[in-house]
Each structure stands twice: as C-alpha cells, then as structure tokens.
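Dropping data-v2.pdb in here (PDB, C-alpha atoms):
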ATOM      1  CA  MET A   8     128.079  11.958 -78.490  1.00  0.00           C
ATOM      2  CA  HIS A   9     125.780  10.402 -81.098  1.00  0.00           C
ATOM      3  CA  LYS A  10     128.057  11.646 -83.884  1.00  0.00           C
ATOM      4  CA  LEU A  11     131.206  10.369 -82.140  1.00  0.00           C
ATOM      5  CA  LEU A  12     129.676   6.918 -81.700  1.00  0.00           C
ATOM      6  CA  GLN A  13     128.672   6.840 -85.365  1.00  0.00           C
ATOM      7  CA  GLN A  14     132.158   7.828 -86.480  1.00  0.00           C
ATOM      8  CA  PHE A  15     133.699   5.259 -84.148  1.00  0.00           C
ATOM      9  CA  SER A  16     131.490   2.440 -85.469  1.00  0.00           C
ATOM     10  CA  ARG A  17     131.985   3.646 -89.081  1.00  0.00           C
ATOM     11  CA  GLU A  18     128.300   3.069 -89.824  1.00  0.00           C
ATOM     12  CA  PRO A  19     124.880   4.373 -88.707  1.00  0.00           C
ATOM     13  CA  LEU A  20     124.051   3.544 -85.116  1.00  0.00           C
ATOM     14  CA  PRO A  21     121.776   0.527 -84.524  1.00  0.00           C
ATOM     15  CA  VAL A  22     118.882   2.463 -82.980  1.00  0.00           C
ATOM     16  CA  GLY A  23     115.120   2.275 -83.234  1.00  0.00           C
ATOM     17  CA  LYS A  24     114.810  -1.493 -82.836  1.00  0.00           C
ATOM     18  CA  PRO A  25     114.667  -3.438 -79.561  1.00  0.00           C
ATOM     19  CA  GLU A  26     116.978  -6.108 -80.960  1.00  0.00           C
ATOM     20  CA  SER A  27     119.665  -3.447 -81.482  1.00  0.00           C
ATOM     21  CA  ILE A  28     120.131  -2.782 -77.760  1.00  0.00           C
ATOM     22  CA  ASP A  29     122.834  -5.414 -77.300  1.00  0.00           C
ATOM     23  CA  SER A  30     124.912  -4.229 -80.262  1.00  0.00           C
ATOM     24  CA  LEU A  31     124.533  -0.589 -79.177  1.00  0.00           C
ATOM     25  CA  ASN A  32     125.644  -1.440 -75.636  1.00  0.00           C
ATOM     26  CA  ALA A  33     128.626  -3.383 -77.003  1.00  0.00           C
ATOM     27  CA  LEU A  34     129.571  -0.370 -79.137  1.00  0.00           C
ATOM     28  CA  ALA A  35     129.266   1.957 -76.133  1.00  0.00           C
ATOM     29  CA  ASP A  36     131.502  -0.347 -74.066  1.00  0.00           C
ATOM     30  CA  ARG A  37     134.195  -0.319 -76.771  1.00  0.00           C
ATOM     31  CA  PHE A  38     133.950   3.462 -77.062  1.00  0.00           C
ATOM     32  CA  GLN A  39     134.236   3.850 -73.288  1.00  0.00           C
ATOM     33  CA  ASN A  40     137.571   2.028 -73.338  1.00  0.00           C
ATOM     34  CA  LEU A  41     139.135   4.627 -75.610  1.00  0.00           C
ATOM     35  CA  PRO A  42     141.800   6.785 -73.891  1.00  0.00           C
ATOM     36  CA  MET A  43     139.729   9.911 -74.495  1.00  0.00           C
ATOM     37  CA  TYR A  44     138.466  12.396 -71.919  1.00  0.00           C
ATOM     38  CA  PHE A  45     136.186  15.431 -72.055  1.00  0.00           C
ATOM     39  CA  MET A  46     136.597  18.652 -70.122  1.00  0.00           C
ATOM     40  CA  LYS A  47     133.446  20.150 -68.642  1.00  0.00           C
ATOM     41  CA  PHE A  48     134.024  23.703 -69.841  1.00  0.00           C
ATOM     42  CA  HIS A  49     131.468  25.332 -72.107  1.00  0.00           C
ATOM     43  CA  GLY A  50     131.338  28.887 -73.354  1.00  0.00           C
ATOM     44  CA  GLY A  51     133.490  31.614 -71.847  1.00  0.00           C
ATOM     45  CA  SER A  52     135.999  30.185 -69.375  1.00  0.00           C
ATOM     46  CA  ASP A  53     138.917  31.427 -67.330  1.00  0.00           C
ATOM     47  CA  ILE A  54     142.174  30.412 -69.001  1.00  0.00           C
ATOM     48  CA  ASP A  55     143.836  29.446 -65.731  1.00  0.00           C
ATOM     49  CA  ASP A  56     140.934  27.105 -64.910  1.00  0.00           C
ATOM     50  CA  VAL A  57     141.318  25.447 -68.310  1.00  0.00           C
ATOM     51  CA  LEU A  58     145.073  25.098 -67.771  1.00  0.00           C
ATOM     52  CA  ASP A  59     144.490  23.517 -64.362  1.00  0.00           C
ATOM     53  CA  ALA A  60     142.177  20.941 -65.963  1.00  0.00           C
ATOM     54  CA  MET A  61     144.756  20.271 -68.668  1.00  0.00           C
ATOM     55  CA  ASP A  62     147.485  19.829 -66.081  1.00  0.00           C
ATOM     56  CA  PHE A  63     145.324  17.358 -64.142  1.00  0.00           C
ATOM     57  CA  ALA A  64     144.566  15.369 -67.327  1.00  0.00           C
ATOM     58  CA  VAL A  65     148.258  15.110 -68.198  1.00  0.00           C
ATOM     59  CA  TYR A  66     149.298  14.146 -64.676  1.00  0.00           C
ATOM     60  CA  VAL A  67     146.490  11.675 -63.862  1.00  0.00           C
ATOM     61  CA  ASN A  68     145.501  10.262 -67.259  1.00  0.00           C
ATOM     62  CA  ASP A  69     148.772  10.650 -69.182  1.00  0.00           C
ATOM     63  CA  VAL A  70     147.017  12.687 -71.875  1.00  0.00           C
ATOM     64  CA  GLU A  71     149.331  13.527 -74.795  1.00  0.00           C
ATOM     65  CA  HIS A  72     146.999  15.430 -77.147  1.00  0.00           C
ATOM     66  CA  ILE A  73     144.588  18.176 -76.071  1.00  0.00           C
ATOM     67  CA  ILE A  74     142.044  19.810 -78.407  1.00  0.00           C
ATOM     68  CA  LEU A  75     140.558  23.198 -77.499  1.00  0.00           C
ATOM     69  CA  ASP A  76     137.587  24.204 -79.649  1.00  0.00           C
ATOM     70  CA  ASN A  77     137.440  27.106 -80.044  1.00  0.00           C
ATOM     71  CA  MET A  78     139.577  29.983 -78.857  1.00  0.00           C
ATOM     72  CA  GLN A  79     137.147  32.838 -79.586  1.00  0.00           C
ATOM     73  CA  PHE A  80     134.291  31.094 -77.785  1.00  0.00           C
ATOM     74  CA  MET A  81     136.500  30.224 -74.824  1.00  0.00           C
ATOM     75  CA  LEU A  82     137.712  33.812 -74.382  1.00  0.00           C
ATOM     76  CA  SER A  83     134.306  35.438 -74.902  1.00  0.00           C
ATOM     77  CA  ARG A  84     133.717  36.014 -71.171  1.00  0.00           C
ATOM     78  CA  ASN A  85     137.143  37.603 -70.682  1.00  0.00           C
ATOM     79  CA  THR A  86     136.730  39.987 -73.628  1.00  0.00           C
ATOM     80  CA  ALA A  87     133.110  41.065 -73.008  1.00  0.00           C
ATOM     81  CA  GLY A  88     132.791  44.841 -73.178  1.00  0.00           C
ATOM     82  CA  GLY A  89     136.463  45.412 -73.965  1.00  0.00           C
ATOM     83  CA  SER A  90     138.037  47.118 -76.942  1.00  0.00           C
ATOM     84  CA  SER A  91     139.558  45.282 -79.901  1.00  0.00           C
ATOM     85  CA  PHE A  92     143.030  45.891 -78.468  1.00  0.00           C
ATOM     86  CA  ASP A  93     141.981  44.326 -75.153  1.00  0.00           C
ATOM     87  CA  LYS A  94     140.649  41.280 -77.009  1.00  0.00           C
ATOM     88  CA  PHE A  95     143.892  40.829 -78.919  1.00  0.00           C
ATOM     89  CA  ASP A  96     145.958  41.239 -75.733  1.00  0.00           C
ATOM     90  CA  ILE A  97     143.913  38.603 -73.919  1.00  0.00           C
ATOM     91  CA  GLN A  98     144.191  36.285 -76.907  1.00  0.00           C
ATOM     92  CA  ASP A  99     147.970  36.728 -77.037  1.00  0.00           C
ATOM     93  CA  ILE A 100     148.289  35.977 -73.318  1.00  0.00           C
ATOM     94  CA  ALA A 101     146.168  32.825 -73.702  1.00  0.00           C
ATOM     95  CA  ILE A 102     148.222  31.590 -76.661  1.00  0.00           C
ATOM     96  CA  GLU A 103     151.451  32.258 -74.796  1.00  0.00           C
ATOM     97  CA  LYS A 104     150.200  30.186 -71.861  1.00  0.00           C
ATOM     98  CA  PHE A 105     149.093  27.305 -74.098  1.00  0.00           C
ATOM     99  CA  ARG A 106     152.449  27.365 -75.900  1.00  0.00           C
ATOM    100  CA  LYS A 107     154.301  27.259 -72.586  1.00  0.00           C
ATOM    101  CA  PHE A 108     152.095  24.427 -71.326  1.00  0.00           C
ATOM    102  CA  ALA A 109     152.706  22.328 -74.460  1.00  0.00           C
ATOM    103  CA  THR A 110     156.466  22.809 -74.178  1.00  0.00           C
ATOM    104  CA  GLU A 111     156.784  22.154 -70.448  1.00  0.00           C
ATOM    105  CA  HIS A 112     154.500  19.090 -70.440  1.00  0.00           C
ATOM    106  CA  ASP A 113     155.661  17.713 -73.806  1.00  0.00           C
ATOM    107  CA  VAL A 114     152.100  17.389 -75.136  1.00  0.00           C
ATOM    108  CA  HIS A 115     150.413  18.401 -78.373  1.00  0.00           C
ATOM    109  CA  VAL A 116     147.827  21.163 -78.034  1.00  0.00           C
ATOM    110  CA  THR A 117     145.483  21.702 -80.980  1.00  0.00           C
ATOM    111  CA  LEU A 118     143.822  25.115 -80.788  1.00  0.00           C
ATOM    112  CA  VAL A 119     140.876  25.760 -83.094  1.00  0.00           C
ATOM    113  CA  CYS A 120     140.675  29.373 -84.283  1.00  0.00           C
ATOM    114  CA  HIS A 121     137.971  30.917 -86.430  1.00  0.00           C
ATOM    115  CA  PRO A 122     138.978  33.006 -89.448  1.00  0.00           C
ATOM    116  CA  LYS A 123     138.340  36.671 -90.020  1.00  0.00           C
ATOM    117  CA  LYS A 124     135.365  37.627 -92.159  1.00  0.00           C
ATOM    118  CA  GLU A 125     136.408  36.967 -95.744  1.00  0.00           C
ATOM    119  CA  GLU A 126     134.590  37.001 -99.052  1.00  0.00           C
ATOM    120  CA  GLU A 127     132.439  33.954 -99.686  1.00  0.00           C
ATOM    121  CA  GLY A 128     134.512  31.205-101.296  1.00  0.00           C
ATOM    122  CA  ALA A 129     137.831  33.057-100.858  1.00  0.00           C
ATOM    123  CA  ARG A 130     140.968  31.009-100.139  1.00  0.00           C
ATOM    124  CA  LEU A 131     142.137  31.436 -96.565  1.00  0.00           C
ATOM    125  CA  GLY A 132     145.749  32.054 -95.601  1.00  0.00           C
ATOM    126  CA  ILE A 133     147.774  32.361 -92.419  1.00  0.00           C
ATOM    127  CA  ASN A 134     146.787  36.025 -92.152  1.00  0.00           C
ATOM    128  CA  SER A 135     143.108  35.002 -92.220  1.00  0.00           C
ATOM    129  CA  VAL A 136     143.256  33.726 -88.634  1.00  0.00           C
ATOM    130  CA  TYR A 137     141.288  36.003 -86.325  1.00  0.00           C
ATOM    131  CA  GLY A 138     143.305  38.172 -83.949  1.00  0.00           C
ATOM    132  CA  SER A 139     146.978  39.055 -83.943  1.00  0.00           C
ATOM    133  CA  ALA A 140     149.758  37.144 -85.662  1.00  0.00           C
ATOM    134  CA  LYS A 141     150.847  35.483 -82.412  1.00  0.00           C
ATOM    135  CA  ALA A 142     148.533  32.497 -82.923  1.00  0.00           C
ATOM    136  CA  THR A 143     150.292  31.387 -86.101  1.00  0.00           C
ATOM    137  CA  GLN A 144     153.739  32.540 -84.980  1.00  0.00           C
ATOM    138  CA  GLU A 145     153.702  30.385 -81.855  1.00  0.00           C
ATOM    139  CA  ALA A 146     152.188  27.370 -83.625  1.00  0.00           C
ATOM    140  CA  ASP A 147     154.383  24.539 -84.878  1.00  0.00           C
ATOM    141  CA  THR A 148     151.765  23.526 -87.445  1.00  0.00           C
ATOM    142  CA  VAL A 149     148.974  25.500 -89.097  1.00  0.00           C
ATOM    143  CA  LEU A 150     146.167  23.570 -90.809  1.00  0.00           C
ATOM    144  CA  ILE A 151     143.389  25.439 -92.576  1.00  0.00           C
ATOM    145  CA  LEU A 152     140.041  23.910 -93.535  1.00  0.00           C
ATOM    146  CA  GLN A 153     139.310  25.379 -96.949  1.00  0.00           C
ATOM    147  CA  ASN A 154     135.904  25.575 -98.624  1.00  0.00           C
ATOM    148  CA  ASP A 155     135.728  27.409-101.928  1.00  0.00           C
ATOM    149  CA  GLY A 156     132.065  26.593-102.533  1.00  0.00           C
ATOM    150  CA  ARG A 157     132.841  23.579-104.757  1.00  0.00           C
ATOM    151  CA  ARG A 158     135.044  21.424-102.561  1.00  0.00           C
ATOM    152  CA  LYS A 159     136.569  21.064 -99.127  1.00  0.00           C
ATOM    153  CA  PHE A 160     140.182  20.307 -98.361  1.00  0.00           C
ATOM    154  CA  ILE A 161     142.741  20.612 -95.585  1.00  0.00           C
ATOM    155  CA  GLU A 162     145.740  22.769 -96.436  1.00  0.00           C
ATOM    156  CA  VAL A 163     148.997  22.642 -94.477  1.00  0.00           C
ATOM    157  CA  LYS A 164     150.170  26.267 -94.346  1.00  0.00           C
ATOM    158  CA  LYS A 165     152.983  25.872 -91.793  1.00  0.00           C
ATOM    159  CA  ASN A 166     155.074  22.899 -90.732  1.00  0.00           C
ATOM    160  CA  ARG A 167     157.931  23.613 -88.362  1.00  0.00           C
ATOM    161  CA  PHE A 168     158.946  19.927 -88.251  1.00  0.00           C
ATOM    162  CA  ASP A 169     160.328  19.578 -91.791  1.00  0.00           C
ATOM    163  CA  GLY A 170     158.689  22.343 -93.835  1.00  0.00           C
ATOM    164  CA  THR A 171     156.502  19.990 -95.883  1.00  0.00           C
ATOM    165  CA  LEU A 172     153.334  21.748 -97.079  1.00  0.00           C
ATOM    166  CA  GLY A 173     150.436  20.575 -99.213  1.00  0.00           C
ATOM    167  CA  MET A 174     146.738  19.779 -99.293  1.00  0.00           C
ATOM    168  CA  SER A 175     144.446  16.782 -98.922  1.00  0.00           C
ATOM    169  CA  PRO A 176     140.895  16.610-100.324  1.00  0.00           C
ATOM    170  CA  LEU A 177     137.966  15.985 -97.996  1.00  0.00           C
ATOM    171  CA  PHE A 178     134.915  13.980 -99.021  1.00  0.00           C
ATOM    172  CA  PHE A 179     132.055  13.486 -96.592  1.00  0.00           C
ATOM    173  CA  GLU A 180     130.965   9.896 -96.058  1.00  0.00           C
ATOM    174  CA  ARG A 181     127.353   9.966 -94.912  1.00  0.00           C
ATOM    175  CA  LYS A 182     127.347   6.366 -93.671  1.00  0.00           C
ATOM    176  CA  SER A 183     130.068   6.875 -91.074  1.00  0.00           C
ATOM    177  CA  GLY A 184     129.808  10.648 -90.606  1.00  0.00           C
ATOM    178  CA  ARG A 185     133.531  10.896 -91.389  1.00  0.00           C
ATOM    179  CA  TYR A 186     135.585  12.814 -93.925  1.00  0.00           C
ATOM    180  CA  THR A 187     137.842  10.721 -96.145  1.00  0.00           C
ATOM    181  CA  GLU A 188     140.551  11.436 -98.689  1.00  0.00           C
ATOM    182  CA  LEU A 189     138.631   9.612-101.432  1.00  0.00           C
ATOM    183  CA  PRO A 190     134.931   9.761-102.347  1.00  0.00           C
ATOM    184  CA  ASP A 191     132.857   6.687-101.493  1.00  0.00           C
ATOM    185  CA  LEU A 192     135.788   5.110 -99.698  1.00  0.00           C
ATOM    186  CA  ASP A 193     134.765   2.264 -97.401  1.00  0.00           C
ATOM    187  CA  PRO A 194     136.737   2.712 -94.150  1.00  0.00           C
ATOM    188  CA  ASN A 195     136.135  -0.968 -93.230  1.00  0.00           C
ATOM    189  CA  GLN A 196     137.913  -2.129 -96.374  1.00  0.00           C
ATOM    190  CA  GLN A 197     141.493  -2.998 -95.369  1.00  0.00           C
ATOM    191  CA  GLN A 198     142.773  -3.682 -98.888  1.00  0.00           C
ATOM    192  CA  ARG A 199     142.058  -1.396-101.820  1.00  0.00           C
ATOM    193  CA  THR A 200     143.793  -1.563-105.198  1.00  0.00           C
ATOM    194  CA  VAL A 201     143.981   1.780-106.974  1.00  0.00           C
ATOM    195  CA  LYS A 202     146.406   3.670-109.136  1.00  0.00           C
ATOM    196  CA  PRO A 203     148.830   5.947-107.270  1.00  0.00           C
ATOM    197  CA  ALA A 204     147.377   9.403-106.809  1.00  0.00           C
ATOM    198  CA  PRO A 205     149.332  12.417-108.060  1.00  0.00           C
ATOM    199  CA  VAL A 206     150.425  14.896-105.427  1.00  0.00           C
ATOM    200  CA  LEU A 207     151.448  18.512-105.504  1.00  0.00           C
ATOM    201  CA  SER A 208     155.179  18.594-106.135  1.00  0.00           C
ATOM    202  CA  PRO A 209     157.665  21.415-105.497  1.00  0.00           C
ATOM    203  CA  ALA A 210     157.267  24.488-107.666  1.00  0.00           C
ATOM    204  CA  GLY A 211     158.527  23.871-111.181  1.00  0.00           C
ATOM    205  CA  GLY A 212     158.701  20.118-110.630  1.00  0.00           C
ATOM    206  CA  LYS A 213     156.629  17.408-112.223  1.00  0.00           C
ATOM    207  CA  ILE A 214     153.596  15.804-110.686  1.00  0.00           C
ATOM    208  CA  GLN A 215     154.827  12.849-108.666  1.00  0.00           C
ATOM    209  CA  ALA A 216     152.902   9.774-107.494  1.00  0.00           C
ATOM    210  CA  ARG A 217     152.370   8.396-104.035  1.00  0.00           C
ATOM    211  CA  ALA A 218     150.399   5.573-102.449  1.00  0.00           C
ATOM    212  CA  LEU A 219     146.970   6.589-101.228  1.00  0.00           C
ATOM    213  CA  SER A 220     147.807   5.265 -97.785  1.00  0.00           C
ATOM    214  CA  SER A 221     150.628   7.772 -97.291  1.00  0.00           C
ATOM    215  CA  ARG A 222     150.235  11.049 -95.479  1.00  0.00           C
ATOM    216  CA  SER A 223     149.768  14.610 -96.666  1.00  0.00           C
ATOM    217  CA  PRO A 224     151.060  15.376-100.165  1.00  0.00           C
ATOM    218  CA  ARG A 225     154.245  17.345-100.462  1.00  0.00           C
ATOM    219  CA  ALA A 226     154.265  20.774-101.999  1.00  0.00           C
ATOM    220  CA  SER A 227     156.378  23.874-102.191  1.00  0.00           C
ATOM    221  CA  SER A 228     156.496  26.496 -99.494  1.00  0.00           C
ATOM    222  CA  THR A 229     154.560  28.832-101.799  1.00  0.00           C
ATOM    223  CA  GLN A 230     150.774  29.019-102.089  1.00  0.00           C
ATOM    224  CA  VAL A 231     149.255  26.128-104.030  1.00  0.00           C
ATOM    225  CA  SER A 232     147.447  27.519-107.067  1.00  0.00           C
ATOM    226  CA  ASP A 233     143.800  26.821-107.906  1.00  0.00           C
ATOM    227  CA  GLU A 234     144.904  25.127-111.140  1.00  0.00           C
ATOM    228  CA  GLU A 235     147.129  22.702-109.218  1.00  0.00           C
ATOM    229  CA  ILE A 236     144.302  21.904-106.833  1.00  0.00           C
ATOM    230  CA  ASP A 237     141.915  21.299-109.758  1.00  0.00           C
ATOM    231  CA  THR A 238     144.393  18.878-111.341  1.00  0.00           C
ATOM    232  CA  HIS A 239     144.953  17.052-108.074  1.00  0.00           C
ATOM    233  CA  TRP A 240     141.206  16.938-107.373  1.00  0.00           C
ATOM    234  CA  ASP A 241     140.346  15.473-110.768  1.00  0.00           C
ATOM    235  CA  SER A 242     143.067  12.846-110.380  1.00  0.00           C
ATOM    236  CA  MET A 243     141.722  11.794-106.976  1.00  0.00           C
ATOM    237  CA  LEU A 244     138.241  11.368-108.423  1.00  0.00           C
ATOM    238  CA  GLU A 245     139.583   9.402-111.386  1.00  0.00           C
ATOM    239  CA  ASN A 246     141.573   7.044-109.153  1.00  0.00           C
ATOM    240  CA  SER A 247     138.609   6.412-106.868  1.00  0.00           C
ATOM    241  CA  GLN A 248     136.561   5.131-109.785  1.00  0.00           C
ATOM    242  CA  ASP A 249     139.125   2.634-111.077  1.00  0.00           C
TER     243      ASP A 249
END

What does this structure look like when you write it as structure tokens?
Amino acid sequence: MHKLLQQFSREPLPVGKPESIDSLNALADRFQNLPMYFMKFHGGSDIDDVLDAMDFAVYVNDVEHIILDNMQFMLSRNTAGGSSFDKFDIQDIAIEKFRKFATEHDVHVTLVCHPKKEEEGARLGINSVYGSAKATQEADTVLILQNDGRRKFIEVKKNRFDGTLGMSPLFFERKSGRYTELPDLDPNQQQRTVKPAPVLSPAGGKIQARALSSRSPRASSTQVSDEEIDTHWDSMLENSQD
C-alpha cells in the first residue's frame, strides 16, 4: 500500500514529521476515491472461488479490468504433489475459465505469468511463458517484461486487435516509484518540448518518428533485433537530454 500511495502521489510520501499528517490524510482520501478494489486471496486459491469474487466485483462495482498476479502462485495449492502433466492440465482449465469469464462479462482480465527458467539476460519470447501454449493462444494481447541485464523494456509480442507489435523502454523513477518511457521524466510536468522519438518501423522500412505522448511504437510482426533496440534506446536517451 505504501508503494501504491507513493506512485499515486508521484513523489515520496510525507511521513516522519507531525506536520505531514494532514497532507498524508488528504492523499489517502484521494486514493480511497479511486475505483479500485482488492481481492482478499493470497497464495494458493481455488479457481472457482476467485471467479465468484470476480463475478461479484463486476456485478456490484462495475469493474472492467481485473489483474491476477500471478497464475503459478494462485494454482500452487491445486498442483501440490501432482505431476507436471497434472499442473499443465489445471493451468489450462484455469485459463479456459478466465477466457470464458472475460468474454461473457465483457471485461479485460490481465493474467500475470512467470517465464520458464532461461539463461540470464536471454530475450524472452511467447514460448518462454511457463506451462502449455494455451496461455498465449487464448490471450488477445501478450506483453513481456524484458531485462537483458543492461535495460528493461516492455515488448508487445501479440496483439489480436490490429497486429501492431513493438517495444517501449522502461526507466525507473525513484521519486515516484514509477516506470516511465523516458529517463528523468517529471510526471507532474504537463508540457514537455522534445524532438520526436524514432520508433521501430516495419521490417525493411525506415525509422519513422512519433510524438512521445503517443502509445507503443509500431513494429513488424517479426522479432525486433537487438541492434534495432539499441538504436531506439540511444535515440530515447538523446531526446530526453535535449
């Protein structure tokens, strides 16, 4: 909760001083008004119990986006002592139920899945997701948090909406506890004048420019190469300094 409050305020929490009580209470009141709810599940849980809680949240609170973090931890009680095939079967059944729930209730379900054990610093792909292929097959969108030891970035590996793929750099901002697209970017600053940042264009095409306020860069449906990421990364750093 401390981290969420810090990210919401976009600056370190006013704690440690008696005169900060009023501002901290005001921040807590603003945070409480957010249309955000927490489920009380922790550790291994029965899938049907989780679905019942999700159904209640959608019906009573009009929830439209549900985040489940993470699938392996949630299914740990159901897979204890079973074989690998049993674990994969249980995972497939859970994913099928979540997919059905999202479709029938017209809500977005974000399911966090851990990757398989890979070499340190190796690029992750769709096949790196732990378990069977059903998790990525049923998903409309697959986002992978990449960390090659030098940098972090989000890579869009699947997009059923319009097929647009690409990547976006992640820079940690210690003040707010958030990740931003640009280093040392002040989230409170509404206006920022910078040069357009190059984005990853379709294979064989030229590097195109886009405004930094736009969404994920476009790319081809093929894997983005390390050289392309290096070029994009350097350009982002250069633009942030101008």

Can you tell me, as a PDB file with C-alpha atoms, in the frame of the given file, what residues are no more than 12 Å from region 36-38 of chain A when counting all atoms listed in the file, ignoring any on the same chain fewer than 5 positions away?
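As written to disk, selection.pdb reads:
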ATOM      1  CA  MET A   8     128.079  11.958 -78.490  1.00  0.00           C
ATOM      2  CA  HIS A   9     125.780  10.402 -81.098  1.00  0.00           C
ATOM      3  CA  LEU A  11     131.206  10.369 -82.140  1.00  0.00           C
ATOM      4  CA  LEU A  12     129.676   6.918 -81.700  1.00  0.00           C
ATOM      5  CA  GLN A  13     128.672   6.840 -85.365  1.00  0.00           C
ATOM      6  CA  GLN A  14     132.158   7.828 -86.480  1.00  0.00           C
ATOM      7  CA  PHE A  15     133.699   5.259 -84.148  1.00  0.00           C
ATOM      8  CA  SER A  16     131.490   2.440 -85.469  1.00  0.00           C
ATOM      9  CA  ASP A  29     122.834  -5.414 -77.300  1.00  0.00           C
ATOM     10  CA  SER A  30     124.912  -4.229 -80.262  1.00  0.00           C
ATOM     11  CA  LEU A  31     124.533  -0.589 -79.177  1.00  0.00           C
ATOM     12  CA  MET A  43     139.729   9.911 -74.495  1.00  0.00           C
ATOM     13  CA  TYR A  44     138.466  12.396 -71.919  1.00  0.00           C
TER      14      TYR A  44
END

Q: Check which residues satisfy the PyMOL selection byres ((chain A and resi 82) around 12) in the file shown, then give them as a ChimeraX atom specification.
A: /A:48-55,57,75-81,83-87,89,93-102,120,138

Q: Using only C-alpha atoms, pick whichever of A:Glu125, A:Glu188, A:Arg17, A:Thr117 has the shortest atom-to-atom distance to Leu150 (chain A).
A: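 Closest to Leu150 (chain A), using only C-alpha atoms: A:Thr117.
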
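Neighbouring residues of Asp69 (chain A) at 12 Å or closer, counting only C-alpha atoms and skipping chain neighbours under 5 positions away, are Pro42, Met43, Tyr44, Met61, Asp62, Phe63, Ala64, His112, Asp113 and Val114 of chain A.
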
Go ahead and save the picked residues with C-alpha atoms, as a PDB file, in the coordinates of the input.
ATOM      1  CA  PRO A  42     141.800   6.785 -73.891  1.00  0.00           C
ATOM      2  CA  MET A  43     139.729   9.911 -74.495  1.00  0.00           C
ATOM      3  CA  TYR A  44     138.466  12.396 -71.919  1.00  0.00           C
ATOM      4  CA  MET A  61     144.756  20.271 -68.668  1.00  0.00           C
ATOM      5  CA  ASP A  62     147.485  19.829 -66.081  1.00  0.00           C
ATOM      6  CA  PHE A  63     145.324  17.358 -64.142  1.00  0.00           C
ATOM      7  CA  ALA A  64     144.566  15.369 -67.327  1.00  0.00           C
ATOM      8  CA  HIS A 112     154.500  19.090 -70.440  1.00  0.00           C
ATOM      9  CA  ASP A 113     155.661  17.713 -73.806  1.00  0.00           C
ATOM     10  CA  VAL A 114     152.100  17.389 -75.136  1.00  0.00           C
TER      11      VAL A 114
END

Q: Give me, please, the distance in Å between CA of Leu58 (chain A) and CA of Ala146 (chain A), quoted to one decimal.
A: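 Computing it gives 17.5 Å between the two atoms.
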
Q: Grab the CA of Lys47 (chain A) to CA of Val136 (chain A) distance for me, in Å with one decimal place.
A: 26.1 Å

Q. What is the CA of Ile74 (chain A)-CA of Val119 (chain A) distance in Å, reported with one decimal?
A.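 CA of Val119 (chain A) lies at a distance of 7.7 Å from CA of Ile74 (chain A).
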
Q: For the file shown, report as a ChimeraX atom specification the outcome of the PyMOL selection byres ((chain A and resi 156) around 10) at residue level.
A: /A:127-129,153-155,157-159

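The nearest approach to Asp59 (chain A) among the residues A:Lys104, A:Lys24, A:Lys124, A:Lys164, with all atoms listed in the file taken into account, belongs to A:Lys104.
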
Q: Find the residues near Ile161 (chain A): any atom within 8 Å, counting only C-alpha atoms, skip ones fewer than 4 places away on the same chain, and give them as a list in words.
A: Leu150, Ile151, Leu152, Gln153, Met174, Ser175, Pro176 and Leu177 of chain A

Kindly export the residues of the current selection with C-alpha atoms, as a PDB file, in the coordinates of the input.
ATOM      1  CA  LEU A 150     146.167  23.570 -90.809  1.00  0.00           C
ATOM      2  CA  ILE A 151     143.389  25.439 -92.576  1.00  0.00           C
ATOM      3  CA  LEU A 152     140.041  23.910 -93.535  1.00  0.00           C
ATOM      4  CA  GLN A 153     139.310  25.379 -96.949  1.00  0.00           C
ATOM      5  CA  MET A 174     146.738  19.779 -99.293  1.00  0.00           C
ATOM      6  CA  SER A 175     144.446  16.782 -98.922  1.00  0.00           C
ATOM      7  CA  PRO A 176     140.895  16.610-100.324  1.00  0.00           C
ATOM      8  CA  LEU A 177     137.966  15.985 -97.996  1.00  0.00           C
TER       9      LEU A 177
END

Q. Which one is closest to Leu41 (chain A): A:Val163, A:Val65, A:Val70, A:Ala109? Count all atoms listed in the file.
A.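 Going through A:Val163, A:Val65, A:Val70, A:Ala109 one by one, the smallest distance to Leu41 (chain A) is for A:Val70.
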
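Counting only C-alpha atoms, the residue from A:Ile236, A:Ile133, A:Val149, A:Ala140 that sits nearest to Asn166 (chain A) is A:Val149.
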